[in-house]
>>> print(open('structure-v8.cif').read())   # mmCIF, C-alpha atoms
data_run
#
loop_
_atom_site.label_atom_id
_atom_site.label_comp_id
_atom_site.auth_asym_id
_atom_site.auth_seq_id
_atom_site.Cartn_x
_atom_site.Cartn_y
_atom_site.Cartn_z
CA MET A 161 28.79 0.68 93.62
CA THR A 162 26.31 -1.97 94.78
CA HIS A 163 22.80 -0.66 95.36
CA THR A 164 20.18 -2.10 97.68
CA TYR A 165 17.77 -1.86 94.74
CA PRO A 166 19.65 -3.12 91.67
CA HIS A 167 16.47 -3.36 89.59
CA ILE A 168 14.89 0.08 89.91
CA ILE A 169 11.41 0.46 88.43
CA VAL A 170 10.07 3.90 87.55
CA ALA A 171 6.27 4.03 87.84
CA LYS A 172 4.31 6.82 86.16
CA PHE A 173 0.64 7.57 86.92
CA GLY A 174 -1.54 9.60 84.58
CA GLY A 175 -4.21 12.15 85.42
CA THR A 176 -7.08 9.68 85.87
CA SER A 177 -4.86 7.55 88.14
CA VAL A 178 -4.50 10.49 90.57
CA ALA A 179 -7.85 12.16 89.88
CA ASP A 180 -9.19 11.87 93.44
CA PHE A 181 -8.45 10.22 96.78
CA ASP A 182 -9.75 6.79 95.76
CA ALA A 183 -7.70 6.81 92.54
CA MET A 184 -4.59 7.86 94.47
CA SER A 185 -5.20 5.06 96.98
CA ARG A 186 -5.38 2.48 94.20
CA SER A 187 -2.19 3.86 92.70
CA ALA A 188 -0.46 3.77 96.09
CA THR A 189 -1.38 0.08 96.41
CA LEU A 190 0.24 -0.59 93.02
CA VAL A 191 3.41 1.25 94.04
CA LEU A 192 3.74 -0.74 97.27
CA ALA A 193 3.10 -4.08 95.54
CA ASP A 194 6.65 -4.12 94.12
CA LYS A 195 9.60 -3.17 96.34
CA ASN A 196 11.66 -2.33 93.24
CA VAL A 197 9.43 0.67 92.49
CA ARG A 198 11.65 3.42 93.92
CA LEU A 199 10.60 6.42 91.84
CA VAL A 200 7.04 7.56 91.13
CA VAL A 201 6.30 10.16 88.43
CA LEU A 202 2.90 11.87 88.49
CA SER A 203 0.74 13.83 86.09
CA ALA A 204 -1.60 16.53 87.36
CA SER A 205 -4.98 15.27 88.52
CA ALA A 206 -7.45 14.81 85.64
CA GLY A 207 -8.81 18.13 84.36
CA VAL A 208 -6.33 20.31 86.25
CA THR A 209 -3.94 21.08 83.37
CA ASN A 210 -6.82 22.20 81.15
CA LEU A 211 -7.97 24.63 83.86
CA LEU A 212 -4.44 25.98 84.26
CA VAL A 213 -4.00 26.45 80.50
CA GLU A 214 -7.24 28.46 80.45
CA LEU A 215 -5.99 30.60 83.33
CA ALA A 216 -2.72 31.20 81.47
CA SER A 217 -4.69 32.63 78.54
CA GLY A 218 -5.63 35.69 80.63
CA LEU A 219 -9.20 35.32 81.91
CA GLU A 220 -11.20 38.25 83.29
CA SER A 221 -12.15 38.28 86.96
CA PRO A 222 -15.43 36.28 87.14
CA ASP A 223 -14.15 33.46 84.92
CA ARG A 224 -10.72 33.49 86.54
CA LEU A 225 -12.08 33.21 90.07
CA ASP A 226 -14.46 30.44 88.99
CA LYS A 227 -11.60 28.36 87.53
CA ILE A 228 -9.50 28.84 90.67
CA ALA A 229 -12.45 27.81 92.85
CA THR A 230 -12.81 24.65 90.76
CA LEU A 231 -9.09 23.92 91.21
CA ARG A 232 -9.35 24.44 94.95
CA ALA A 233 -12.33 22.08 95.17
CA LEU A 234 -10.44 19.34 93.28
CA GLN A 235 -7.51 19.56 95.70
CA TYR A 236 -9.63 19.76 98.85
CA ASN A 237 -11.72 16.75 97.81
CA ILE A 238 -8.46 14.82 98.29
CA ILE A 239 -7.20 16.73 101.34
CA SER A 240 -10.49 16.18 103.19
CA ARG A 241 -9.95 12.41 103.06
CA LEU A 242 -6.49 12.56 104.67
CA LYS A 243 -6.06 11.79 108.38
CA GLN A 244 -3.81 14.82 108.93
CA PRO A 245 -4.92 17.44 106.40
CA ASP A 246 -3.71 20.67 108.03
CA ALA A 247 -0.03 20.83 107.01
CA ILE A 248 -0.58 19.74 103.42
CA GLY A 249 -3.59 22.05 103.19
CA GLN A 250 -1.34 25.02 103.94
CA GLU A 251 1.13 23.92 101.24
CA ILE A 252 -1.64 23.51 98.65
CA ASP A 253 -3.07 26.91 99.61
CA ARG A 254 0.34 28.47 98.94
CA LEU A 255 0.39 26.94 95.45
CA LEU A 256 -3.21 28.04 94.79
CA ASP A 257 -2.23 31.60 95.79
CA ASN A 258 0.65 31.38 93.30
CA ILE A 259 -1.78 30.23 90.60
CA SER A 260 -4.10 33.14 91.38
CA ARG A 261 -1.24 35.66 91.19
CA LEU A 262 0.10 34.26 87.90
CA ALA A 263 -3.38 34.08 86.35
CA GLU A 264 -3.92 37.75 87.17
CA THR A 265 -0.53 38.61 85.65
CA ALA A 266 -1.55 36.75 82.47
CA LEU A 267 -4.25 39.37 81.88
CA ASP A 268 -1.61 41.96 80.99
CA SER A 269 1.39 39.91 79.89
CA ARG A 270 0.63 36.53 78.39
CA SER A 271 3.72 34.53 77.45
CA ALA A 272 4.90 30.96 76.97
CA THR A 273 7.24 31.45 79.96
CA LEU A 274 4.38 32.44 82.24
CA CYS A 275 2.19 29.64 80.88
CA ASP A 276 4.82 27.01 81.77
CA GLU A 277 5.26 28.46 85.25
CA LEU A 278 1.51 28.41 85.79
CA VAL A 279 0.67 24.97 84.41
CA SER A 280 3.54 23.36 86.36
CA HIS A 281 1.45 23.78 89.52
CA GLY A 282 -0.81 20.86 88.55
CA GLU A 283 1.99 18.32 88.92
CA LEU A 284 3.38 20.07 92.00
CA MET A 285 0.02 19.73 93.77
CA SER A 286 -0.74 16.12 92.77
CA SER A 287 2.75 14.94 93.81
CA LEU A 288 2.55 16.64 97.21
CA LEU A 289 -0.83 15.03 97.87
CA PHE A 290 0.35 11.59 96.74
CA VAL A 291 3.27 11.76 99.18
CA GLU A 292 0.74 12.22 101.99
CA VAL A 293 -1.34 9.26 100.79
CA LEU A 294 1.78 7.05 100.89
CA ARG A 295 2.93 8.38 104.29
CA GLU A 296 -0.44 7.46 105.77
CA ARG A 297 0.52 3.87 104.97
CA GLU A 298 3.66 4.34 107.06
CA VAL A 299 5.96 4.27 104.03
CA GLU A 300 9.15 6.35 104.10
CA THR A 301 8.39 8.72 101.23
CA GLN A 302 10.04 11.92 100.02
CA TRP A 303 8.83 14.59 97.62
CA PHE A 304 11.33 15.58 94.93
CA ASP A 305 11.26 18.59 92.62
CA ALA A 306 11.76 17.25 89.07
CA ARG A 307 13.13 20.65 87.99
CA LYS A 308 16.36 19.86 89.86
CA VAL A 309 17.07 17.05 87.40
CA ILE A 310 15.04 17.52 84.18
CA ARG A 311 17.25 20.10 82.46
CA THR A 312 15.90 21.44 79.14
CA ASP A 313 16.42 24.21 76.64
CA ASP A 314 14.24 27.34 76.80
CA THR A 315 11.65 26.33 74.21
CA PHE A 316 8.76 27.05 76.56
CA GLY A 317 5.68 24.93 75.95
CA CYS A 318 7.58 22.06 74.32
CA ALA A 319 11.10 22.07 75.75
CA VAL A 320 13.88 19.77 74.53
CA PRO A 321 15.60 17.73 77.29
CA ALA A 322 19.38 17.88 77.74
CA ILE A 323 20.10 14.14 78.02
CA ASP A 324 23.68 14.33 79.36
CA ALA A 325 22.81 16.98 81.93
CA ILE A 326 19.82 14.96 83.14
CA ALA A 327 22.02 11.88 83.61
CA GLU A 328 24.57 13.87 85.61
CA LEU A 329 21.96 15.63 87.77
CA ALA A 330 20.02 12.42 88.43
CA GLU A 331 23.17 10.66 89.58
CA LYS A 332 24.00 13.56 91.90
CA HIS A 333 20.62 14.56 93.32
CA LEU A 334 18.28 11.62 92.88
CA ARG A 335 20.02 8.25 92.95
CA PRO A 336 21.41 8.56 96.52
CA ARG A 337 17.92 9.33 97.83
CA LEU A 338 16.38 6.24 96.21
CA GLU A 339 18.28 4.18 98.81
CA GLN A 340 16.71 6.11 101.66
CA ALA A 341 13.09 6.48 100.65
CA LEU A 342 10.45 6.02 98.00
CA MET A 343 10.71 9.14 95.84
CA VAL A 344 7.71 10.95 94.33
CA THR A 345 8.25 13.55 91.61
CA GLN A 346 6.47 15.36 88.80
CA GLY A 347 6.15 14.54 85.13
CA PHE A 348 5.86 17.13 82.35
CA ILE A 349 7.98 19.86 84.00
CA GLY A 350 11.66 20.79 83.93
CA SER A 351 13.88 23.86 84.05
CA ASP A 352 16.27 25.63 81.70
CA ALA A 353 19.85 26.65 82.45
CA THR A 354 18.68 29.82 84.24
CA GLY A 355 16.27 27.93 86.50
CA GLN A 356 13.07 29.00 84.78
CA THR A 357 10.29 26.38 84.72
CA THR A 358 9.71 24.68 81.36
CA THR A 359 7.31 21.96 80.20
CA LEU A 360 7.83 19.04 77.81
CA GLY A 361 4.49 19.47 76.00
CA ARG A 362 1.09 17.95 76.67
CA GLY A 363 1.34 14.32 77.74
CA GLY A 364 5.00 14.82 78.67
CA SER A 365 4.80 12.94 81.99
CA ASP A 366 5.40 9.64 80.15
CA TYR A 367 8.48 11.23 78.61
CA THR A 368 9.72 12.36 82.02
CA ALA A 369 9.42 8.83 83.41
CA SER A 370 11.37 7.42 80.48
CA LEU A 371 14.09 10.11 80.73
CA LEU A 372 14.55 9.41 84.45
CA ALA A 373 14.60 5.65 83.83
CA GLU A 374 17.35 6.18 81.26
CA ALA A 375 19.36 8.38 83.61
CA LEU A 376 19.05 5.88 86.48
CA HIS A 377 19.60 2.76 84.34
CA ALA A 378 16.23 1.43 85.48
CA SER A 379 15.11 -2.10 84.69
CA ARG A 380 11.57 -1.11 83.62
CA VAL A 381 9.17 1.79 83.21
CA ASP A 382 5.54 1.20 84.23
CA ILE A 383 3.02 3.56 82.64
CA TRP A 384 -0.25 3.39 84.58
CA THR A 385 -3.20 4.93 82.78
CA ASP A 386 -6.95 4.33 82.35
CA VAL A 387 -6.72 1.54 79.76
CA ALA A 388 -5.31 -1.96 80.20
CA GLY A 389 -2.60 -1.72 77.57
CA ILE A 390 -2.32 -0.81 73.89
CA TYR A 391 -5.09 -2.04 71.58
CA THR A 392 -5.33 -2.88 67.89
CA THR A 393 -7.27 0.38 67.56
CA ASP A 394 -9.39 2.70 69.69
CA PRO A 395 -12.08 0.46 71.27
CA ARG A 396 -14.47 3.42 71.19
CA ILE A 397 -14.39 3.17 67.38
CA VAL A 398 -14.16 -0.61 67.11
CA PRO A 399 -15.51 -2.53 70.14
CA GLN A 400 -13.86 -5.70 68.75
CA ALA A 401 -10.38 -4.17 69.22
CA LYS A 402 -8.06 -6.45 71.18
CA ARG A 403 -5.13 -5.73 73.44
CA ILE A 404 -1.67 -6.41 72.03
CA ASP A 405 0.27 -8.11 74.83
CA ASN A 406 3.73 -7.59 73.30
CA LEU A 407 4.95 -4.83 70.99
CA SER A 408 8.35 -3.89 69.66
CA PHE A 409 9.74 -0.41 70.30
CA SER A 410 9.46 0.37 66.59
CA GLU A 411 5.80 -0.65 66.39
CA ALA A 412 4.83 1.23 69.55
CA ARG A 413 6.71 4.35 68.52
CA GLU A 414 4.90 4.49 65.18
CA MET A 415 1.57 4.02 66.97
CA ALA A 416 2.29 6.85 69.40
CA THR A 417 3.52 9.17 66.65
CA PHE A 418 0.43 8.60 64.52
CA GLY A 419 -2.25 9.09 67.13
CA ALA A 420 -2.46 6.22 69.63
CA LYS A 421 -2.83 8.31 72.79
CA VAL A 422 -1.79 5.67 75.33
CA LEU A 423 1.89 6.71 75.05
CA HIS A 424 3.47 10.11 74.46
CA PRO A 425 5.37 9.95 71.11
CA ALA A 426 8.76 10.74 72.67
CA THR A 427 8.41 8.27 75.57
CA LEU A 428 10.07 5.38 73.85
CA LEU A 429 13.22 7.19 72.70
CA PRO A 430 15.08 7.04 76.06
CA ALA A 431 13.83 3.48 76.63
CA MET A 432 15.12 2.45 73.21
CA ARG A 433 18.53 4.03 73.84
CA LYS A 434 19.03 1.96 77.02
CA ASN A 435 16.84 -1.04 76.05
CA ILE A 436 14.47 -0.53 79.01
CA PRO A 437 11.13 -2.39 78.68
CA VAL A 438 7.98 -0.26 79.06
CA PHE A 439 4.80 -1.73 80.56
CA VAL A 440 1.40 -0.09 80.00
CA GLY A 441 -1.53 -1.02 82.26
CA ALA A 442 -4.69 0.32 83.91
CA SER A 443 -4.31 1.58 87.48
CA ASN A 444 -8.00 0.92 88.16
CA ASN A 445 -7.77 -2.69 86.95
CA ALA A 446 -4.20 -3.92 87.39
CA ALA A 447 -5.34 -7.56 87.38
CA ALA A 448 -6.37 -7.19 83.72
CA GLY A 449 -2.72 -7.13 82.67
CA GLY A 450 -1.34 -4.86 79.97
CA THR A 451 1.11 -4.42 77.11
CA LEU A 452 4.87 -4.88 77.40
CA VAL A 453 6.94 -2.91 74.89
CA ARG A 454 10.52 -4.09 74.31
CA ARG A 455 13.18 -4.25 71.62
CA ASP A 456 11.67 -7.21 69.80
CA ALA A 457 8.06 -8.34 69.74
CA LEU A 458 7.46 -12.01 70.59
CA GLU A 459 5.15 -12.67 67.65
CA PRO A 460 5.48 -9.92 65.06
CA SER A 461 2.85 -10.09 62.33
CA ARG A 462 2.30 -8.10 59.14
CA TYR A 463 -0.61 -6.04 60.51
CA ARG A 464 -0.59 -4.94 64.14
CA ALA A 465 -2.80 -1.90 64.70
CA LEU A 466 -4.59 1.14 63.32
CA ALA A 467 -4.02 4.63 64.71
CA VAL A 468 -6.08 7.77 64.04
CA ARG A 469 -5.03 11.39 64.36
CA ARG A 470 -7.81 13.92 63.93
CA GLN A 471 -7.95 17.68 63.23
CA GLN A 472 -5.19 17.46 60.65
CA THR A 473 -4.18 20.32 58.35
CA LEU A 474 -2.87 19.67 54.82
CA LEU A 475 -0.61 22.31 53.35
CA THR A 476 -0.02 22.12 49.58
CA LEU A 477 2.73 24.34 48.19
CA SER A 478 3.17 24.71 44.41
CA SER A 479 6.02 26.42 42.56
CA LEU A 480 5.20 29.79 40.97
CA ASN A 481 7.77 29.48 38.22
CA ALA A 482 9.96 26.95 36.44
CA GLN A 483 12.76 26.91 39.01
CA PRO A 484 14.73 23.64 39.37
CA THR A 485 13.15 21.08 41.67
CA HIS A 486 16.06 20.94 44.11
CA ARG A 487 16.00 24.74 44.55
CA PHE A 488 12.23 24.86 45.08
CA LEU A 489 12.40 22.10 47.71
CA ALA A 490 15.40 23.64 49.48
CA GLU A 491 13.89 27.13 49.67
CA THR A 492 10.52 25.82 50.82
CA PHE A 493 11.98 23.76 53.64
CA ALA A 494 14.25 26.67 54.62
CA ILE A 495 11.19 28.90 55.08
CA LEU A 496 9.41 26.27 57.15
CA SER A 497 12.53 25.78 59.26
CA ARG A 498 12.92 29.52 59.93
CA HIS A 499 9.37 29.61 61.27
CA GLU A 500 9.97 26.45 63.36
CA VAL A 501 7.13 24.56 61.69
CA ALA A 502 7.01 20.97 62.91
CA LEU A 503 6.85 18.94 59.71
CA ASP A 504 5.15 15.59 59.78
CA LEU A 505 4.36 13.53 56.69
CA VAL A 506 5.56 14.95 53.38
CA THR A 507 5.02 13.98 49.73
CA THR A 508 6.65 15.78 46.82
CA SER A 509 6.40 16.07 43.05
CA GLU A 510 8.52 18.10 40.65
CA THR A 511 6.62 21.33 41.28
CA SER A 512 4.71 20.86 44.54
CA ILE A 513 4.95 19.70 48.13
CA ALA A 514 2.09 18.38 50.28
CA LEU A 515 2.68 18.14 54.00
CA ILE A 516 0.76 17.56 57.18
CA LEU A 517 1.43 19.96 60.03
CA ASN A 518 2.26 18.24 63.29
CA ALA A 519 1.28 20.05 66.49
CA THR A 520 1.58 16.91 68.64
CA GLY A 521 2.83 17.81 72.10
CA SER A 522 2.20 21.54 71.71
CA THR A 523 -0.43 23.36 73.74
CA SER A 524 -1.40 25.24 70.55
CA GLY A 525 -2.95 23.68 67.49
CA GLU A 526 -2.10 23.67 63.79
CA ALA A 527 -3.90 26.98 63.26
CA ASP A 528 -1.38 28.73 65.52
CA MET A 529 1.49 27.24 63.49
CA LEU A 530 0.18 28.95 60.34
CA THR A 531 1.18 32.46 61.38
CA SER A 532 0.63 35.45 59.12
CA SER A 533 4.39 35.95 58.76
CA LEU A 534 4.85 32.33 57.64
CA LEU A 535 2.01 32.54 55.12
CA THR A 536 3.30 35.86 53.77
CA GLU A 537 6.78 34.46 53.17
CA LEU A 538 5.42 31.27 51.63
CA ALA A 539 3.12 33.26 49.32
CA SER A 540 6.11 35.18 47.91
CA HIS A 541 7.74 31.87 47.02
CA CYS A 542 4.89 29.54 46.04
CA HIS A 543 1.15 29.07 45.72
CA VAL A 544 -0.35 28.03 49.08
CA GLU A 545 -3.43 25.87 49.65
CA ILE A 546 -4.67 25.03 53.16
CA GLU A 547 -7.13 22.21 53.79
CA THR A 548 -8.53 21.44 57.22
CA GLY A 549 -11.11 18.98 58.55
CA LEU A 550 -8.98 15.92 57.80
CA ALA A 551 -7.96 12.78 59.68
CA LEU A 552 -4.79 10.72 59.35
CA ILE A 553 -5.15 6.93 59.53
CA SER A 554 -2.00 4.86 59.98
CA LEU A 555 -1.72 1.13 59.55
CA ILE A 556 1.07 -0.16 61.81
CA GLY A 557 2.83 -3.42 61.11
CA ASN A 558 6.02 -5.08 59.91
CA ALA A 559 7.70 -5.18 56.49
CA LEU A 560 4.79 -3.19 55.06
CA SER A 561 6.90 -1.68 52.28
CA GLN A 562 8.20 -5.10 51.24
CA GLU A 563 4.96 -7.05 50.88
CA ALA A 564 3.27 -6.80 47.50
CA ALA A 565 -0.15 -7.69 48.91
CA VAL A 566 -0.28 -4.79 51.40
CA CYS A 567 -1.50 -2.06 49.03
CA LYS A 568 -4.04 -4.37 47.41
CA GLU A 569 -5.49 -5.46 50.76
CA VAL A 570 -5.57 -1.95 52.18
CA PHE A 571 -6.94 -0.01 49.24
CA ALA A 572 -9.60 -2.60 48.52
CA GLU A 573 -11.19 -1.32 51.75
CA LEU A 574 -10.72 2.34 50.81
CA GLU A 575 -12.19 2.39 47.30
CA THR A 576 -15.22 4.41 48.45
CA HIS A 577 -13.13 6.96 50.38
CA ALA A 578 -11.59 10.16 49.03
CA VAL A 579 -7.95 9.64 49.99
CA ARG A 580 -6.19 13.03 50.00
CA MET A 581 -2.61 11.90 50.60
CA ILE A 582 -0.63 8.65 50.99
CA CYS A 583 2.74 8.05 52.67
CA HIS A 584 4.26 4.63 52.10
CA GLY A 585 7.80 3.30 51.94
CA ALA A 586 9.68 5.67 54.25
CA SER A 587 9.06 3.27 57.13
CA ASP A 588 8.67 -0.49 57.15
CA HIS A 589 6.26 -0.14 60.07
CA SER A 590 3.57 2.21 58.77
CA LEU A 591 1.33 3.04 55.83
CA CYS A 592 -0.48 6.37 56.26
CA PHE A 593 -3.32 8.02 54.40
CA LEU A 594 -5.26 11.23 54.84
CA LEU A 595 -9.05 11.28 54.58
CA PRO A 596 -11.91 13.70 55.23
CA ALA A 597 -12.56 13.56 58.98
CA GLY A 598 -16.15 12.46 58.50
CA SER A 599 -15.14 9.17 56.89
CA ALA A 600 -12.30 8.25 59.27
CA ASP A 601 -14.30 5.99 61.60
CA SER A 602 -15.90 4.00 58.80
CA ALA A 603 -12.47 3.50 57.18
CA VAL A 604 -10.97 2.29 60.46
CA LYS A 605 -13.85 -0.14 61.01
CA ALA A 606 -13.50 -1.58 57.51
CA LEU A 607 -9.73 -1.94 57.74
CA HIS A 608 -9.86 -3.45 61.23
CA ARG A 609 -12.47 -5.99 60.17
CA SER A 610 -10.47 -6.98 57.09
CA LEU A 611 -6.91 -6.96 58.43
CA LEU A 612 -6.99 -7.35 62.21
CA GLU A 613 -10.02 -9.44 63.18
#
>>> encode(input="structure-v8.cif", output="structure tokens")
Amino acid sequence: MTHTYPHIIVAKFGGTSVADFDAMSRSATLVLADKNVRLVVLSASAGVTNLLVELASGLESPDRLDKIATLRALQYNIISRLKQPDAIGQEIDRLLDNISRLAETALDSRSATLCDELVSHGELMSSLLFVEVLREREVETQWFDARKVIRTDDTFGCAVPAIDAIAELAEKHLRPRLEQALMVTQGFIGSDATGQTTTLGRGGSDYTASLLAEALHASRVDIWTDVAGIYTTDPRIVPQAKRIDNLSFSEAREMATFGAKVLHPATLLPAMRKNIPVFVGASNNAAAGGTLVRRDALEPSRYRALAVRRQQTLLTLSSLNAQPTHRFLAETFAILSRHEVALDLVTTSETSIALILNATGSTSGEADMLTSSLLTELASHCHVEIETGLALISLIGNALSQEAAVCKEVFAELETHAVRMICHGASDHSLCFLLPAGSADSAVKALHRSLLE
């Protein structure tokens, strides 16, 4: 079949890009600047998801009503700037009433299912409002419920997408409508086989955009955020950090996994499967350009960037007896698997395992992963040590495990730091080390100055 728009672009806008009426107007201008943008994926307006997560925790009346009033004010600051606010105001009021009802229910019966249902309202509201902003510019625009297409399992809070089902549903429900109108939908949310609302984890709107681009065979995904691309490190730590204009999928994926917050860690997987380039730019300064991520970088170099992940927990597990190494490892990982612990970096010796817990994408932190039942079962099998207050620094680059000079150049800058754990060799694109959180910034500055400036 020949489509009017053979080169579909999926554009995703983050929370700051739809934070208020002016931000939405800038984002609308970006959408209309390229006729190939046929599908827009939105996050909730900045700050809204945090308010909804608090409401899902079961707040008592004064606090609950205060949070809902704040939510209402955020929405009506946008509605008040529209030329025809009445109809959309009624729709937003209906969603706010839903939020109020669910937040009251959370007092007595908190659950991950209820939390997903509640927090989904942020994206529902921002997408409805953005449709109105576009319609005021006399653009044929339709609102689309992402839950009709983003099919997931029932792991509420961090659901796993069903790739084949999404492709089939997108072809049936979404593609035909792209010919008729500009479509606006929600990031972050989906539904399971029974129709219950699920979420893809914090930051999952990027992932949604990439999943839909894969399903629709899009030519590009544009991720519009509050920074003009991906930098050599966080400019708030190192003002001399520079934007990287071109990155490979492998480099960008390692950066996202190890703490660079510009992209959600899972975003690049669908793009990699279908070789769809991903552009990252700033919606408030589109003229500044951005970073293009594709299969191969134009000028790959040994050292590319430094990523930092804070609030890390190190779990050290030591054998209680002289059992064979293979049995100790197998039983330990079986326990962790039964408790659905998301393993991250792991190092092993004959009688012990050190691992970093990874709560990336979850609305709960590492502390909630270390449940009493998990610790009890681990304690019957091994000696358990828990260390918090750590930061993971990752050097991203190319052929890092093959260059003899890498370790010498890196650890020359770390000789005054108490390195708690090192992971090197499993990937050619990263060298990771764990430090006390208080020394992370100074280590990043020293490494950036030596390797990247």
>>> axis_aligned_box(input="structure-v8.cif", around="region 176-181 of chain A", padding_each_side="4 Å", output="JSON")
{"center_x": -6.8, "center_y": 9.9, "center_z": 91.3, "size_x": 12.7, "size_y": 12.6, "size_z": 18.9}
>>> residues_around(input="structure-v8.cif", residues="Ser590 (chain A)", least_positions_apart="4", cutoff="8 Å", atoms="all atoms listed in the file", output="ChimeraX atom specification")
/A:414,554-558,560,584
>>> resolve_selection(input="structure-v8.cif", expression="the PyMOL selection byres ((chain A and resi 324-336) around 7)", output="list in words")
Val309, Ile310, Arg311, Ala322, Ile323, Arg337, Leu338, Glu339, Ala375 and Leu376 of chain A
>>> residues_around(input="structure-v8.cif", residues="region 249-262 of chain A", least_positions_apart="4", cutoff="7 Å", atoms="only C-alpha atoms", output="list in words")
Ile228, Ile239, Pro245, Ala266, Leu278, His281 and Met285 of chain A
>>> atom_distance(input="structure-v8.cif", atom1="CA of Thr473 (chain A)", atom2="CA of Ile390 (chain A)")
26.3 Å
>>> closest_residue(input="structure-v8.cif", among="A:Thr392, A:Ser497, A:Ser287, A:Ser512", to="Leu480 (chain A)", atoms="all atoms listed in the file")
A:Ser512
>>> residues_around(input="structure-v8.cif", residues="region 598-605 of chain A", least_positions_apart="2", cutoff="9 Å", atoms="all atoms listed in the file", output="list of chain:residue names")
A:Thr393, A:Ile397, A:Val398, A:Leu466, A:Ala467, A:Val468, A:Arg470, A:Gly549, A:Leu550, A:Ala551, A:Leu552, A:Ile553, A:Glu573, A:Leu574, A:His577, A:Ala578, A:Leu594, A:Leu595, A:Pro596, A:Leu607, A:His608, A:Arg609, A:Ser610
